[in-house]
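Q: Got a structure for you, protein.cif, holding mmCIF, C-alpha atoms.
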data_entry
loop_
_atom_site.label_atom_id
_atom_site.label_comp_id
_atom_site.auth_asym_id
_atom_site.auth_seq_id
_atom_site.Cartn_x
_atom_site.Cartn_y
_atom_site.Cartn_z
CA MET A 12 -57.50 78.20 1.29
CA ARG A 13 -53.97 77.80 2.64
CA HIS A 14 -51.27 76.39 0.33
CA GLU A 15 -48.08 75.05 1.87
CA ASN A 16 -44.88 74.13 0.17
CA LEU A 17 -44.74 70.43 0.95
CA LEU A 18 -41.20 70.11 -0.35
CA ALA A 19 -39.80 72.77 1.97
CA SER A 20 -40.35 70.64 5.07
CA ALA A 21 -39.28 67.35 3.54
CA THR A 22 -36.14 65.96 5.10
CA PRO A 23 -34.05 63.91 2.69
CA PRO A 24 -33.90 60.23 3.56
CA PRO A 25 -30.76 58.91 5.27
CA THR A 26 -27.94 57.84 3.00
CA TYR A 27 -26.30 54.48 3.55
CA LEU A 28 -22.99 53.70 1.91
CA PRO A 29 -22.60 50.21 0.47
CA GLU A 30 -21.16 47.44 2.59
CA ASP A 31 -17.44 46.81 2.86
CA ASN A 32 -15.45 46.80 -0.37
CA GLY A 33 -12.66 44.75 1.24
CA GLY A 34 -10.76 47.66 2.73
CA ASP A 35 -12.70 47.79 5.99
CA ALA A 36 -12.19 44.04 6.48
CA ALA A 37 -8.46 44.44 5.82
CA LEU A 38 -8.25 47.20 8.44
CA ARG A 39 -10.14 45.06 10.96
CA ALA A 40 -7.66 42.24 10.24
CA GLY A 41 -4.85 44.61 11.22
CA ASP A 42 -3.46 45.49 7.80
CA ASP A 43 -1.46 48.71 7.60
CA PRO A 44 -3.72 51.64 6.57
CA ALA A 45 -1.24 52.76 3.88
CA THR A 46 -1.32 49.28 2.34
CA VAL A 47 -5.12 49.24 2.53
CA ALA A 48 -5.41 52.71 0.96
CA ALA A 49 -3.14 51.62 -1.90
CA ARG A 50 -5.08 48.40 -2.45
CA TYR A 51 -8.56 49.90 -1.86
CA PRO A 52 -8.28 53.64 -2.66
CA SER A 53 -12.03 54.14 -2.17
CA CYS A 54 -11.82 52.96 1.46
CA CYS A 55 -12.56 56.09 3.48
CA ALA A 56 -11.64 54.32 6.72
CA ALA A 57 -8.08 53.74 5.49
CA TRP A 58 -7.64 57.44 4.69
CA ALA A 59 -9.15 58.36 8.05
CA ALA A 60 -6.72 55.99 9.81
CA LEU A 61 -3.78 57.59 7.99
CA ALA A 62 -5.04 61.04 9.03
CA GLU A 63 -5.36 59.86 12.64
CA GLN A 64 -1.79 58.56 12.60
CA SER A 65 -0.37 61.86 11.38
CA ILE A 66 -2.61 64.51 12.97
CA GLY A 67 -0.31 65.02 15.97
CA THR A 68 2.97 65.14 14.08
CA ASP A 69 2.19 66.28 10.54
CA PRO A 70 -1.12 68.16 10.26
CA VAL A 71 -0.52 68.93 6.57
CA ALA A 72 -0.28 65.21 5.77
CA ALA A 73 -3.31 64.57 8.00
CA TYR A 74 -5.21 67.23 6.06
CA ALA A 75 -4.28 65.59 2.74
CA TYR A 76 -5.24 62.10 3.94
CA ALA A 77 -8.52 63.30 5.44
CA ARG A 78 -9.38 65.32 2.34
CA THR A 79 -8.78 62.24 0.17
CA GLY A 80 -11.10 60.15 2.36
CA TYR A 81 -13.66 62.95 2.37
CA HIS A 82 -13.70 63.25 -1.44
CA ARG A 83 -13.78 59.47 -1.93
CA GLY A 84 -16.74 59.41 0.45
CA LEU A 85 -18.56 62.23 -1.33
CA ASP A 86 -18.31 60.25 -4.57
CA GLN A 87 -19.75 57.17 -2.85
CA LEU A 88 -22.51 59.15 -1.15
CA ARG A 89 -23.59 60.66 -4.46
CA ARG A 90 -23.68 57.20 -6.06
CA ALA A 91 -25.84 56.09 -3.11
CA GLY A 92 -28.38 58.86 -3.84
CA TRP A 93 -27.18 61.65 -1.53
CA ARG A 94 -27.97 65.09 -2.95
CA GLY A 95 -25.71 67.29 -0.84
CA ASN A 96 -27.58 67.22 2.44
CA GLY A 97 -29.47 64.93 4.73
CA PRO A 98 -28.59 62.34 7.33
CA ILE A 99 -25.54 60.11 7.00
CA PRO A 100 -26.09 57.85 10.01
CA TRP A 101 -23.09 56.91 12.16
CA GLU A 102 -25.07 53.86 13.21
CA HIS A 103 -24.57 52.38 9.71
CA GLU A 104 -21.02 50.98 9.92
CA PRO A 105 -20.00 51.66 6.28
CA ASN A 106 -20.73 55.40 6.82
CA ARG A 107 -18.17 55.66 9.62
CA GLY A 108 -15.08 55.90 7.41
CA PHE A 109 -16.50 58.96 5.64
CA LEU A 110 -17.66 60.56 8.90
CA ARG A 111 -14.26 59.96 10.53
CA ALA A 112 -12.48 61.44 7.49
CA LEU A 113 -14.80 64.45 7.65
CA HIS A 114 -14.12 64.91 11.36
CA LEU A 115 -10.35 64.62 10.88
CA LEU A 116 -10.46 67.04 7.97
CA GLY A 117 -11.96 69.59 10.33
CA LEU A 118 -9.33 68.94 12.99
CA ALA A 119 -6.48 69.18 10.49
CA ALA A 120 -7.96 72.32 8.94
CA GLY A 121 -7.95 73.93 12.37
CA LYS A 122 -4.34 72.90 12.97
CA ILE A 123 -3.15 74.54 9.74
CA GLY A 124 -5.09 77.75 10.34
CA GLU A 125 -8.07 77.10 8.09
CA ASP A 126 -10.50 78.14 10.81
CA ASP A 127 -13.43 78.94 8.50
CA GLU A 128 -13.15 75.51 6.91
CA ALA A 129 -12.88 73.85 10.32
CA THR A 130 -16.10 75.59 11.39
CA ARG A 131 -17.95 74.63 8.18
CA ILE A 132 -16.86 71.02 8.58
CA ALA A 133 -17.99 70.90 12.21
CA VAL A 134 -21.44 72.13 11.14
CA PHE A 135 -21.55 69.64 8.23
CA LEU A 136 -20.63 66.78 10.57
CA ARG A 137 -23.21 67.80 13.17
CA GLU A 138 -25.95 68.15 10.54
CA SER A 139 -25.02 64.88 8.82
CA SER A 140 -24.74 62.81 11.98
CA PRO A 141 -25.30 64.25 15.44
CA THR A 142 -24.19 60.89 16.83
CA ALA A 143 -20.85 61.05 14.98
CA ALA A 144 -20.33 64.62 16.17
CA SER A 145 -20.80 63.51 19.78
CA VAL A 146 -18.89 60.21 19.53
CA LEU A 147 -15.76 61.39 17.74
CA ARG A 148 -13.17 62.81 20.06
CA PRO A 149 -12.01 66.38 19.59
CA GLU A 150 -8.47 65.02 19.18
CA PRO A 151 -7.56 61.39 18.48
CA ALA A 152 -5.28 59.82 21.08
CA SER A 153 -1.67 59.72 19.96
#
Now that the file is in, can you turn its structure into structure tokens?

A:
Amino acid sequence: MRHENLLASATPPPTYLPEDNGGDAALRAGDDPATVAARYPSCCAAWAALAEQSIGTDPVAAYAYARTGYHRGLDQLRRAGWRGNGPIPWEHEPNRGFLRALHLLGLAAGKIGEDDEATRIAVFLRESSPTAASVLRPEPAS
């Protein structure tokens, strides 16, 4: 009789962050990302926007902004049931702020010489959302 480990092949279910907390709507309305981040500090998209704005001129600031968005997103993912791995679909709009922050964290890490971290982040992004990894540009337009 053959016994297989049924858990070993189980892929975790996708994780979907909750709908907009107000910050995403404020960004869509054209509010300044710094104002949105101050008003809605859990809004990953605001931190990602701040990182995008500074990546070309101040990679250290971009790294700090992206890391803030990344950590805020990890907290939200864990509350949504994420256990450290599994799909985080780009197709679900509320996930995009976290995925953008993750992507920008990798770019900023590379710019400040944290090559190992940049590589780990690229793998994490690809494993979390192949779509995000293919959609997000290697370098945001300035």

Q: What does the PyMOL selection byres ((chain A and resi 23-33) around 10) select in this file, as an mmCIF file with C-alpha atoms, in the coordinates of the input?

A:
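Below you can see out-v2.cif, which holds the result:
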data_model
loop_
_atom_site.group_PDB
_atom_site.id
_atom_site.type_symbol
_atom_site.label_atom_id
_atom_site.label_comp_id
_atom_site.auth_asym_id
_atom_site.auth_seq_id
_atom_site.Cartn_x
_atom_site.Cartn_y
_atom_site.Cartn_z
ATOM 1 C CA LEU A 18 -41.200 70.110 -0.350
ATOM 2 C CA SER A 20 -40.350 70.640 5.070
ATOM 3 C CA ALA A 21 -39.280 67.350 3.540
ATOM 4 C CA THR A 22 -36.140 65.960 5.100
ATOM 5 C CA GLY A 34 -10.760 47.660 2.730
ATOM 6 C CA ASP A 35 -12.700 47.790 5.990
ATOM 7 C CA ALA A 36 -12.190 44.040 6.480
ATOM 8 C CA ALA A 37 -8.460 44.440 5.820
ATOM 9 C CA LEU A 38 -8.250 47.200 8.440
ATOM 10 C CA VAL A 47 -5.120 49.240 2.530
ATOM 11 C CA ARG A 50 -5.080 48.400 -2.450
ATOM 12 C CA TYR A 51 -8.560 49.900 -1.860
ATOM 13 C CA SER A 53 -12.030 54.140 -2.170
ATOM 14 C CA CYS A 54 -11.820 52.960 1.460
ATOM 15 C CA GLY A 84 -16.740 59.410 0.450
ATOM 16 C CA GLN A 87 -19.750 57.170 -2.850
ATOM 17 C CA LEU A 88 -22.510 59.150 -1.150
ATOM 18 C CA ARG A 89 -23.590 60.660 -4.460
ATOM 19 C CA ARG A 90 -23.680 57.200 -6.060
ATOM 20 C CA ALA A 91 -25.840 56.090 -3.110
ATOM 21 C CA GLY A 92 -28.380 58.860 -3.840
ATOM 22 C CA TRP A 93 -27.180 61.650 -1.530
ATOM 23 C CA ARG A 94 -27.970 65.090 -2.950
ATOM 24 C CA GLY A 95 -25.710 67.290 -0.840
ATOM 25 C CA ASN A 96 -27.580 67.220 2.440
ATOM 26 C CA GLY A 97 -29.470 64.930 4.730
ATOM 27 C CA PRO A 98 -28.590 62.340 7.330
ATOM 28 C CA ILE A 99 -25.540 60.110 7.000
ATOM 29 C CA PRO A 100 -26.090 57.850 10.010
ATOM 30 C CA TRP A 101 -23.090 56.910 12.160
ATOM 31 C CA GLU A 102 -25.070 53.860 13.210
ATOM 32 C CA HIS A 103 -24.570 52.380 9.710
ATOM 33 C CA GLU A 104 -21.020 50.980 9.920
ATOM 34 C CA PRO A 105 -20.000 51.660 6.280
ATOM 35 C CA ASN A 106 -20.730 55.400 6.820
ATOM 36 C CA ARG A 107 -18.170 55.660 9.620
ATOM 37 C CA GLY A 108 -15.080 55.900 7.410
ATOM 38 C CA PHE A 109 -16.500 58.960 5.640
ATOM 39 C CA SER A 139 -25.020 64.880 8.820
ATOM 40 C CA SER A 140 -24.740 62.810 11.980
#

Q: Considering only C-alpha atoms, return as a PyMOL selection string whatever protein or nucleic-acid residues lie within 12 Å of A:Leu61, sequence-local ones (same chain, fewer than 6 positions apart) excluded.

A: chain A and resi 38+43-49+54-55+67-80+108+111-112+115-116+151

Q: Return the single residue from A:Leu110, A:Gln64, A:Gly124, A:Arg39 that is closest to A:His82, with distances computed using all atoms listed in the file.

A: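 That would be A:Leu110, the residue with the smallest distance to A:His82.
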
Q: Taking the file as shown, what set of residues would the PyMOL selection byres ((chain A and resi 130-132) around 8) give back, as a PyMOL selection string?

A: chain A and resi 113-114+116-117+126-129+133-136

Q: Atom CA of A:Glu125 and atom CA of A:Leu85, how far apart in Å?

A: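 So the two atoms, atom CA of A:Leu85 and atom CA of A:Glu125, lie 20.5 Å apart.
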
Q: At what distance in Å, to one decimal, does atom CA of A:Asp86 lie from atom CA of A:Lys122?

A: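 The value is 25.7 Å.
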